[in-house]
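Chemist: First the structure, then my questions, so here it is.
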Amino acid sequence: MRAFIFPGQGSQSVGMGAALADASRAAKDVFDEVDEALGQNLFRLMRDGPDDELKLTENAQPAIMAHSIAVLRTMGVRLTDIASFVAGHSLGEYSALCAAGSFDLATTAKLLKLRGQAMQQAVPVGEGAMAALLGADLALAQRIAEAASEGEVCAVANDNDPSQVVISGQKRAIDRAIAIAKDMGAKRAVPLPVSAPFHCPLMQPAAEAMRDALSYVVIDQPAVPVFANVTAQPETDPDTIRNQLVEQVTGMVRWRESVANMFDAGVHEFVEIGGKVLGSMVKRIAPDALVTSVVTIEDIEAAAKEIA
């Protein structure tokens, strides 16, 4: 069995999609449709930068999704023929839902633009922070977060793999966590260059914004089950998916469990669409799994020979 997985924020880079658009009409059409939906020349920003503007959450989120869908459409495959499940890391869950037909491309782009804006506006710049705890599992990360909180928000945001967990919250609490992490057993703690503290209770205003936006959107049943970030379980019910996307804004991304559960369900091949971020995590979670990253036209041509 095979799963298609979709990367989240941090996988953007200036130049993304440029060569693909030159080589593939299907990819160019994706970028054009996203530009039209947003009323913005996002593809020019993806192609030419500047990097600091592309990194803005409201630009990075739809850009990463557009790139993933451009790769997928260039592959020219029917998802139900080649994949048993899809999943995405944080915003990548929207890419997965678009790939599976729950959202059309324009709707996905508009939702992610709004999601990025709402997340950025939820907490004033400088008041929130995130850090990666390396050499720490979920239980240790939770202990570090609890010890550092001192009445402020400090929570696990991403349970990425057995040796990497990300925490999120108020900057002072995250700074305290970084200071005590090594003494508590983590290998090291690394502050992340993010503009807001994602996936923690401070994002509640953004969750409410997404609740309102999603209430107006038609969600179709996905062609294949989507493993949800907040439950690490497969889901196909549109109303449940709607609620999970709201919960996802403040909830922990249960990536380690999602991959482990897919592997236990019989998925032994994971194909990352549009990035090279998730593959290493998958290998740390399920060492026996086959992992392929598909980003360039050369990757697509090579994958076409392997995926039938």
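Following the order of the structure tokens, chains are lettered A, B, ..., residues in each are numbered from 1, and ligands are numbered from 1.
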What's around A:Phe227 at 8 Å? Count only C-alpha atoms, leave out sequence neighbours fewer than 3 positions away in its own chain, and write the answer as a PyMOL selection string.

Modeler: chain A and resi 85-88+231-235+258

Chemist: Can I get the residues of stretch 78-140 of chain A within 10 Å of stretch 157-160 of chain A, each with the closest pair of atoms and their distance in Å to one decimal, using only C-alpha atoms, sorted chain first then ascending number, as CSV?

Modeler:
residue,atom,partner,partner_atom,distance
A:His89,CA,A:Asn160,CA,9.0
A:Ser90,CA,A:Asn158,CA,8.8
A:Met130,CA,A:Ala157,CA,8.4
A:Ala131,CA,A:Ala157,CA,9.5
A:Ala132,CA,A:Asn158,CA,8.9
A:Ala136,CA,A:Asp159,CA,9.9
A:Asp137,CA,A:Asp159,CA,8.0
A:Leu138,CA,A:Asp159,CA,6.3

Chemist: Please write the residues from the selection above to a file, keeping N, CA and C atoms, as a PDB file, in the first residue's frame.

Modeler:
ATOM      1  N   HIS A  89       1.281  17.588   6.575  1.00  0.00           N
ATOM      2  CA  HIS A  89       1.781  18.155   7.822  1.00  0.00           C
ATOM      3  C   HIS A  89       1.275  19.590   7.948  1.00  0.00           C
ATOM      4  N   SER A  90       0.399  19.836   8.923  1.00  0.00           N
ATOM      5  CA  SER A  90      -0.160  21.160   9.170  1.00  0.00           C
ATOM      6  C   SER A  90      -0.871  21.666   7.919  1.00  0.00           C
ATOM      7  N   MET A 130       8.515  29.548  18.836  1.00  0.00           N
ATOM      8  CA  MET A 130       8.513  28.095  18.730  1.00  0.00           C
ATOM      9  C   MET A 130       9.951  27.611  18.821  1.00  0.00           C
ATOM     10  N   ALA A 131      10.123  26.369  19.256  1.00  0.00           N
ATOM     11  CA  ALA A 131      11.460  25.776  19.332  1.00  0.00           C
ATOM     12  C   ALA A 131      11.363  24.292  19.051  1.00  0.00           C
ATOM     13  N   ALA A 132      12.390  23.764  18.405  1.00  0.00           N
ATOM     14  CA  ALA A 132      12.484  22.323  18.166  1.00  0.00           C
ATOM     15  C   ALA A 132      13.327  21.693  19.262  1.00  0.00           C
ATOM     16  N   ALA A 136      14.481  14.426  21.770  1.00  0.00           N
ATOM     17  CA  ALA A 136      13.405  14.372  22.771  1.00  0.00           C
ATOM     18  C   ALA A 136      12.190  13.706  22.163  1.00  0.00           C
ATOM     19  N   ASP A 137      11.571  12.811  22.920  1.00  0.00           N
ATOM     20  CA  ASP A 137      10.314  12.232  22.462  1.00  0.00           C
ATOM     21  C   ASP A 137       9.155  13.046  23.042  1.00  0.00           C
ATOM     22  N   LEU A 138       7.937  12.616  22.738  1.00  0.00           N
ATOM     23  CA  LEU A 138       6.762  13.385  23.138  1.00  0.00           C
ATOM     24  C   LEU A 138       6.670  13.528  24.653  1.00  0.00           C
TER      25      LEU A 138
END

Chemist: Residues at most 12 Å from stretch 73-76 of chain A, counting only C-alpha atoms, excluding those fewer than 3 positions away in the same chain, as a tab-separated table (two decimals) with N, CA and C atoms, in the first residue's frame?

Modeler:
chain	number	residue	atom	x	y	z
A	17	GLY	N	8.95	25.77	-8.18
A	17	GLY	CA	7.96	25.62	-9.24
A	17	GLY	C	8.34	26.23	-10.57
A	20	LEU	N	9.44	23.62	-13.12
A	20	LEU	CA	8.28	22.75	-13.34
A	20	LEU	C	7.27	23.43	-14.27
A	21	ALA	N	7.04	24.71	-14.04
A	21	ALA	CA	6.09	25.44	-14.88
A	21	ALA	C	6.59	25.55	-16.32
A	22	ASP	N	7.92	25.67	-16.49
A	22	ASP	CA	8.49	25.72	-17.84
A	22	ASP	C	8.34	24.39	-18.56
A	23	ALA	N	8.36	23.31	-17.79
A	23	ALA	CA	8.33	21.97	-18.39
A	23	ALA	C	6.93	21.38	-18.51
A	24	SER	N	5.97	21.92	-17.75
A	24	SER	CA	4.66	21.28	-17.66
A	24	SER	C	3.53	22.30	-17.78
A	25	ARG	N	2.68	22.11	-18.77
A	25	ARG	CA	1.50	22.97	-18.91
A	25	ARG	C	0.56	22.78	-17.73
A	26	ALA	N	0.46	21.55	-17.23
A	26	ALA	CA	-0.42	21.27	-16.09
A	26	ALA	C	0.01	22.07	-14.87
A	27	ALA	N	1.31	22.13	-14.63
A	27	ALA	CA	1.83	22.89	-13.50
A	27	ALA	C	1.56	24.38	-13.69
A	28	LYS	N	1.84	24.89	-14.88
A	28	LYS	CA	1.60	26.32	-15.16
A	28	LYS	C	0.14	26.66	-14.94
A	29	ASP	N	-0.77	25.77	-15.33
A	29	ASP	CA	-2.20	26.01	-15.13
A	29	ASP	C	-2.55	26.10	-13.65
A	30	VAL	N	-1.92	25.27	-12.83
A	30	VAL	CA	-2.15	25.33	-11.38
A	30	VAL	C	-1.75	26.69	-10.84
A	31	PHE	N	-0.55	27.14	-11.19
A	31	PHE	CA	-0.07	28.43	-10.68
A	31	PHE	C	-0.94	29.58	-11.18
A	66	ALA	N	0.20	25.14	-3.67
A	66	ALA	CA	0.17	25.24	-5.13
A	66	ALA	C	1.29	24.40	-5.74
A	67	HIS	N	2.46	24.44	-5.12
A	67	HIS	CA	3.59	23.67	-5.64
A	67	HIS	C	3.30	22.17	-5.57
A	68	SER	N	2.76	21.72	-4.44
A	68	SER	CA	2.45	20.30	-4.30
A	68	SER	C	1.42	19.85	-5.34
A	69	ILE	N	0.37	20.63	-5.52
A	69	ILE	CA	-0.68	20.25	-6.48
A	69	ILE	C	-0.15	20.32	-7.90
A	70	ALA	N	0.75	21.26	-8.19
A	70	ALA	CA	1.36	21.33	-9.52
A	70	ALA	C	2.18	20.07	-9.80
A	79	LEU	N	-5.52	9.52	-8.25
A	79	LEU	CA	-5.13	9.20	-6.89
A	79	LEU	C	-5.65	7.83	-6.43
A	81	ASP	N	-6.12	5.24	-7.99
A	81	ASP	CA	-5.44	4.11	-8.62
A	81	ASP	C	-4.10	3.79	-7.96
A	82	ILE	N	-3.51	4.76	-7.29
A	82	ILE	CA	-2.13	4.57	-6.84
A	82	ILE	C	-1.90	4.81	-5.36
A	98	CYS	N	-7.11	18.76	-1.01
A	98	CYS	CA	-7.27	19.21	-2.39
A	98	CYS	C	-6.94	18.06	-3.35
A	99	ALA	N	-5.84	17.36	-3.07
A	99	ALA	CA	-5.44	16.23	-3.92
A	99	ALA	C	-6.50	15.16	-3.96
A	100	ALA	N	-7.18	14.97	-2.83
A	100	ALA	CA	-8.20	13.92	-2.73
A	100	ALA	C	-9.58	14.40	-3.18
A	105	LEU	N	-9.13	23.63	-6.18
A	105	LEU	CA	-7.86	24.33	-6.04
A	105	LEU	C	-8.06	25.78	-5.58
A	273	ILE	N	4.98	14.69	-1.91
A	273	ILE	CA	4.66	15.44	-3.12
A	273	ILE	C	5.00	16.92	-2.92
A	274	GLY	N	6.05	17.38	-3.62
A	274	GLY	CA	6.37	18.80	-3.60
A	274	GLY	C	7.34	19.22	-2.52
A	294	VAL	N	9.07	13.66	-4.50
A	294	VAL	CA	8.85	14.06	-5.89
A	294	VAL	C	8.70	15.58	-5.93
A	295	VAL	N	9.68	16.25	-6.53
A	295	VAL	CA	9.70	17.71	-6.57
A	295	VAL	C	9.91	18.22	-7.99
A	296	THR	N	10.94	17.71	-8.67
A	296	THR	CA	11.33	18.21	-9.99
A	296	THR	C	10.70	17.38	-11.10
A	297	ILE	N	10.83	17.88	-12.32
A	297	ILE	CA	10.32	17.13	-13.46
A	297	ILE	C	11.07	15.81	-13.60
A	298	GLU	N	12.36	15.81	-13.22
A	298	GLU	CA	13.14	14.57	-13.25
A	298	GLU	C	12.61	13.57	-12.23
A	299	ASP	N	12.24	14.07	-11.03
A	299	ASP	CA	11.63	13.21	-10.01
A	299	ASP	C	10.34	12.60	-10.53
A	300	ILE	N	9.55	13.42	-11.22
A	300	ILE	CA	8.26	12.97	-11.74
A	300	ILE	C	8.45	11.88	-12.78
A	301	GLU	N	9.42	12.08	-13.66
A	301	GLU	CA	9.69	11.07	-14.69
A	301	GLU	C	10.19	9.77	-14.07
A	302	ALA	N	11.03	9.88	-13.04
A	302	ALA	CA	11.51	8.67	-12.36
A	302	ALA	C	10.38	7.97	-11.62
A	303	ALA	N	9.50	8.76	-10.98
A	303	ALA	CA	8.38	8.17	-10.23
A	303	ALA	C	7.41	7.47	-11.16
A	304	ALA	N	7.26	8.01	-12.37
A	304	ALA	CA	6.32	7.40	-13.32
A	304	ALA	C	6.72	5.97	-13.66
A	305	LYS	N	8.01	5.69	-13.61
A	305	LYS	CA	8.47	4.34	-13.92
A	305	LYS	C	8.24	3.39	-12.73
A	306	GLU	N	8.18	3.97	-11.53
A	306	GLU	CA	8.05	3.15	-10.32
A	306	GLU	C	6.60	2.98	-9.88
A	307	ILE	N	5.80	4.03	-10.08
A	307	ILE	CA	4.42	4.03	-9.58
A	307	ILE	C	3.50	3.57	-10.70
A	308	ALA	N	2.81	2.51	-10.45
A	308	ALA	CA	1.87	2.00	-11.45
A	308	ALA	C	0.53	1.73	-10.80

Chemist: When you count only C-alpha atoms, which of these residues is closest to A:Val123: A:Met252, A:Ala206, A:Ala148, A:Ala109?

Modeler: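 The shortest atom-to-atom distance to A:Val123 comes from A:Ala206.
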
Chemist: As a PyMOL selection string, please: every residue in stretch 121-214 of chain A that a backbone DSSP assignment puts in alpha helix (DSSP H).

Modeler: chain A and resi 121-122+138-149+171-181+204-214

Chemist: Could those selected residues go to a file with N, CA and C atoms, as an mmCIF file, in the first residue's frame?

Modeler:
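Okay, selection-v8.cif is ready:
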data_model
loop_
_atom_site.group_PDB
_atom_site.id
_atom_site.type_symbol
_atom_site.label_atom_id
_atom_site.label_comp_id
_atom_site.auth_asym_id
_atom_site.auth_seq_id
_atom_site.Cartn_x
_atom_site.Cartn_y
_atom_site.Cartn_z
ATOM 1 N N GLN A 121 -2.124 37.249 12.603
ATOM 2 C CA GLN A 121 -2.785 38.306 13.370
ATOM 3 C C GLN A 121 -3.169 37.867 14.777
ATOM 4 N N ALA A 122 -3.155 36.572 15.055
ATOM 5 C CA ALA A 122 -3.626 36.075 16.349
ATOM 6 C C ALA A 122 -2.739 36.512 17.510
ATOM 7 N N LEU A 138 7.937 12.616 22.738
ATOM 8 C CA LEU A 138 6.762 13.385 23.138
ATOM 9 C C LEU A 138 6.670 13.528 24.653
ATOM 10 N N ALA A 139 6.889 12.453 25.375
ATOM 11 C CA ALA A 139 6.756 12.501 26.834
ATOM 12 C C ALA A 139 7.744 13.488 27.444
ATOM 13 N N LEU A 140 8.993 13.469 26.987
ATOM 14 C CA LEU A 140 9.991 14.398 27.510
ATOM 15 C C LEU A 140 9.630 15.828 27.126
ATOM 16 N N ALA A 141 9.195 16.039 25.887
ATOM 17 C CA ALA A 141 8.817 17.382 25.444
ATOM 18 C C ALA A 141 7.673 17.934 26.290
ATOM 19 N N GLN A 142 6.719 17.082 26.620
ATOM 20 C CA GLN A 142 5.607 17.531 27.461
ATOM 21 C C GLN A 142 6.080 17.916 28.857
ATOM 22 N N ARG A 143 7.044 17.183 29.394
ATOM 23 C CA ARG A 143 7.586 17.517 30.714
ATOM 24 C C ARG A 143 8.343 18.851 30.668
ATOM 25 N N ILE A 144 9.113 19.058 29.618
ATOM 26 C CA ILE A 144 9.855 20.311 29.473
ATOM 27 C C ILE A 144 8.883 21.486 29.335
ATOM 28 N N ALA A 145 7.861 21.319 28.506
ATOM 29 C CA ALA A 145 6.879 22.386 28.309
ATOM 30 C C ALA A 145 6.162 22.724 29.609
ATOM 31 N N GLU A 146 5.789 21.707 30.360
ATOM 32 C CA GLU A 146 5.081 21.938 31.624
ATOM 33 C C GLU A 146 5.985 22.659 32.626
ATOM 34 N N ALA A 147 7.252 22.250 32.688
ATOM 35 C CA ALA A 147 8.178 22.868 33.637
ATOM 36 C C ALA A 147 8.458 24.322 33.266
ATOM 37 N N ALA A 148 8.440 24.625 31.985
ATOM 38 C CA ALA A 148 8.775 25.976 31.535
ATOM 39 C C ALA A 148 7.589 26.935 31.542
ATOM 40 N N SER A 149 6.390 26.423 31.621
ATOM 41 C CA SER A 149 5.213 27.268 31.411
ATOM 42 C C SER A 149 5.065 28.364 32.473
ATOM 43 N N LYS A 171 6.728 33.775 24.217
ATOM 44 C CA LYS A 171 8.181 33.786 24.016
ATOM 45 C C LYS A 171 8.953 33.538 25.313
ATOM 46 N N ARG A 172 8.510 34.144 26.394
ATOM 47 C CA ARG A 172 9.245 33.960 27.650
ATOM 48 C C ARG A 172 9.226 32.493 28.087
ATOM 49 N N ALA A 173 8.097 31.836 27.890
ATOM 50 C CA ALA A 173 7.995 30.429 28.270
ATOM 51 C C ALA A 173 8.860 29.553 27.360
ATOM 52 N N ILE A 174 8.868 29.860 26.070
ATOM 53 C CA ILE A 174 9.707 29.096 25.138
ATOM 54 C C ILE A 174 11.184 29.316 25.462
ATOM 55 N N ASP A 175 11.549 30.551 25.801
ATOM 56 C CA ASP A 175 12.937 30.826 26.195
ATOM 57 C C ASP A 175 13.324 30.006 27.427
ATOM 58 N N ARG A 176 12.405 29.897 28.382
ATOM 59 C CA ARG A 176 12.692 29.085 29.573
ATOM 60 C C ARG A 176 12.860 27.626 29.202
ATOM 61 N N ALA A 177 12.011 27.141 28.276
ATOM 62 C CA ALA A 177 12.109 25.741 27.834
ATOM 63 C C ALA A 177 13.452 25.474 27.167
ATOM 64 N N ILE A 178 13.895 26.402 26.336
ATOM 65 C CA ILE A 178 15.189 26.245 25.670
ATOM 66 C C ILE A 178 16.308 26.170 26.714
ATOM 67 N N ALA A 179 16.177 26.988 27.751
ATOM 68 C CA ALA A 179 17.231 27.046 28.774
ATOM 69 C C ALA A 179 17.329 25.763 29.595
ATOM 70 N N ILE A 180 16.201 25.085 29.813
ATOM 71 C CA ILE A 180 16.212 23.899 30.684
ATOM 72 C C ILE A 180 16.210 22.584 29.919
ATOM 73 N N ALA A 181 16.024 22.638 28.598
ATOM 74 C CA ALA A 181 15.799 21.417 27.817
ATOM 75 C C ALA A 181 16.942 20.412 27.954
ATOM 76 N N GLN A 204 -6.168 30.523 19.137
ATOM 77 C CA GLN A 204 -7.626 30.411 19.187
ATOM 78 C C GLN A 204 -8.337 31.441 18.297
ATOM 79 N N PRO A 205 -7.884 32.708 18.243
ATOM 80 C CA PRO A 205 -8.548 33.640 17.311
ATOM 81 C C PRO A 205 -8.490 33.170 15.859
ATOM 82 N N ALA A 206 -7.387 32.551 15.470
ATOM 83 C CA ALA A 206 -7.266 32.020 14.108
ATOM 84 C C ALA A 206 -8.188 30.829 13.909
ATOM 85 N N ALA A 207 -8.345 30.022 14.944
ATOM 86 C CA ALA A 207 -9.262 28.881 14.860
ATOM 87 C C ALA A 207 -10.697 29.364 14.627
ATOM 88 N N GLU A 208 -11.070 30.431 15.308
ATOM 89 C CA GLU A 208 -12.429 30.971 15.135
ATOM 90 C C GLU A 208 -12.606 31.539 13.724
ATOM 91 N N ALA A 209 -11.568 32.170 13.206
ATOM 92 C CA ALA A 209 -11.637 32.685 11.839
ATOM 93 C C ALA A 209 -11.818 31.548 10.841
ATOM 94 N N MET A 210 -11.122 30.426 11.068
ATOM 95 C CA MET A 210 -11.247 29.289 10.167
ATOM 96 C C MET A 210 -12.592 28.594 10.345
ATOM 97 N N ARG A 211 -13.111 28.584 11.567
ATOM 98 C CA ARG A 211 -14.443 28.008 11.787
ATOM 99 C C ARG A 211 -15.474 28.759 10.938
ATOM 100 N N ASP A 212 -15.376 30.086 10.948
ATOM 101 C CA ASP A 212 -16.305 30.902 10.168
ATOM 102 C C ASP A 212 -16.111 30.654 8.676
ATOM 103 N N ALA A 213 -14.862 30.671 8.202
ATOM 104 C CA ALA A 213 -14.598 30.492 6.772
ATOM 105 C C ALA A 213 -15.045 29.120 6.280
ATOM 106 N N LEU A 214 -14.754 28.098 7.057
ATOM 107 C CA LEU A 214 -15.087 26.734 6.646
ATOM 108 C C LEU A 214 -16.584 26.467 6.679
#

Chemist: As a ChimeraX atom specification, which residues of stretch 14-125 of chain A does DSSP assign to strand (DSSP E or B)?

Modeler: /A:85-88

Chemist: Those same residues, written as an mmCIF file, in the first residue's frame with N, CA and C atoms?

Modeler:
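Final file, out.cif:
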data_model
loop_
_atom_site.group_PDB
_atom_site.id
_atom_site.type_symbol
_atom_site.label_atom_id
_atom_site.label_comp_id
_atom_site.auth_asym_id
_atom_site.auth_seq_id
_atom_site.Cartn_x
_atom_site.Cartn_y
_atom_site.Cartn_z
ATOM 1 N N PHE A 85 -4.055 6.163 1.013
ATOM 2 C CA PHE A 85 -4.302 7.246 1.961
ATOM 3 C C PHE A 85 -3.534 8.478 1.511
ATOM 4 N N VAL A 86 -3.970 9.638 2.020
ATOM 5 C CA VAL A 86 -3.177 10.863 1.917
ATOM 6 C C VAL A 86 -3.077 11.479 3.306
ATOM 7 N N ALA A 87 -2.041 12.283 3.501
ATOM 8 C CA ALA A 87 -1.868 13.011 4.752
ATOM 9 C C ALA A 87 -0.970 14.200 4.481
ATOM 10 N N GLY A 88 -1.103 15.224 5.303
ATOM 11 C CA GLY A 88 -0.241 16.389 5.156
ATOM 12 C C GLY A 88 0.125 16.957 6.505
#

Chemist: Just to confirm, what's the straight-line distance from atom CA of A:Leu97 to atom CA of A:Arg256 in Å (one decimal)?

Modeler: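 Interatomic distance, atom CA of A:Leu97 to atom CA of A:Arg256: 19.3 Å.
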
Chemist: Quick one: of A:Pro50, A:Ser84, A:Gln164, A:Val246, who's nearest to A:Glu269, counting only C-alpha atoms?

Modeler: A:Ser84

Chemist: Using only C-alpha atoms, pick whichever of A:Val153, A:Leu290, A:Gly279, A:Ala186 has the shortest atom-to-atom distance to A:Gln170.

Modeler: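 Looking at the shortest contact to A:Gln170, the residue is A:Val153.
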
Chemist: Residues within 12 Å of A:Asp264, please, as number ranges by chain. Count only C-alpha atoms; anything in the same chain fewer than 2 positions from it doesn't count.

Modeler: A: 1, 233, 257-262, 266-269, 285-286, 288-289

Chemist: Using only C-alpha atoms, which of A:Val224, A:Asp32, A:Leu45, A:Ala60 sits nearest A:Ser11?

Modeler: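 Closest candidate: A:Ala60.
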
Chemist: Near A:Asp239, within 12 Å and counting only C-alpha atoms, which residues show up once chain neighbours fewer than 2 positions away are dropped, as a PyMOL selection string?

Modeler: chain A and resi 102+211+214-215+217-222+235-237+241-246

Chemist: Go through A:Val14, A:Ala96, A:Ala63, A:Leu56 one by one, measure the shortest atom-to-atom distance of each to A:Asp35 using only C-alpha atoms, and give the residue with the smallest value.

Modeler: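 Distance minimum relative to A:Asp35 lands on A:Ala63.
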
Chemist: Which is closest to A:Lys187 among A:Gly49, A:Gly151, A:Gly135, A:Pro7, if we use only C-alpha atoms?

Modeler: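 Closest candidate: A:Gly135.
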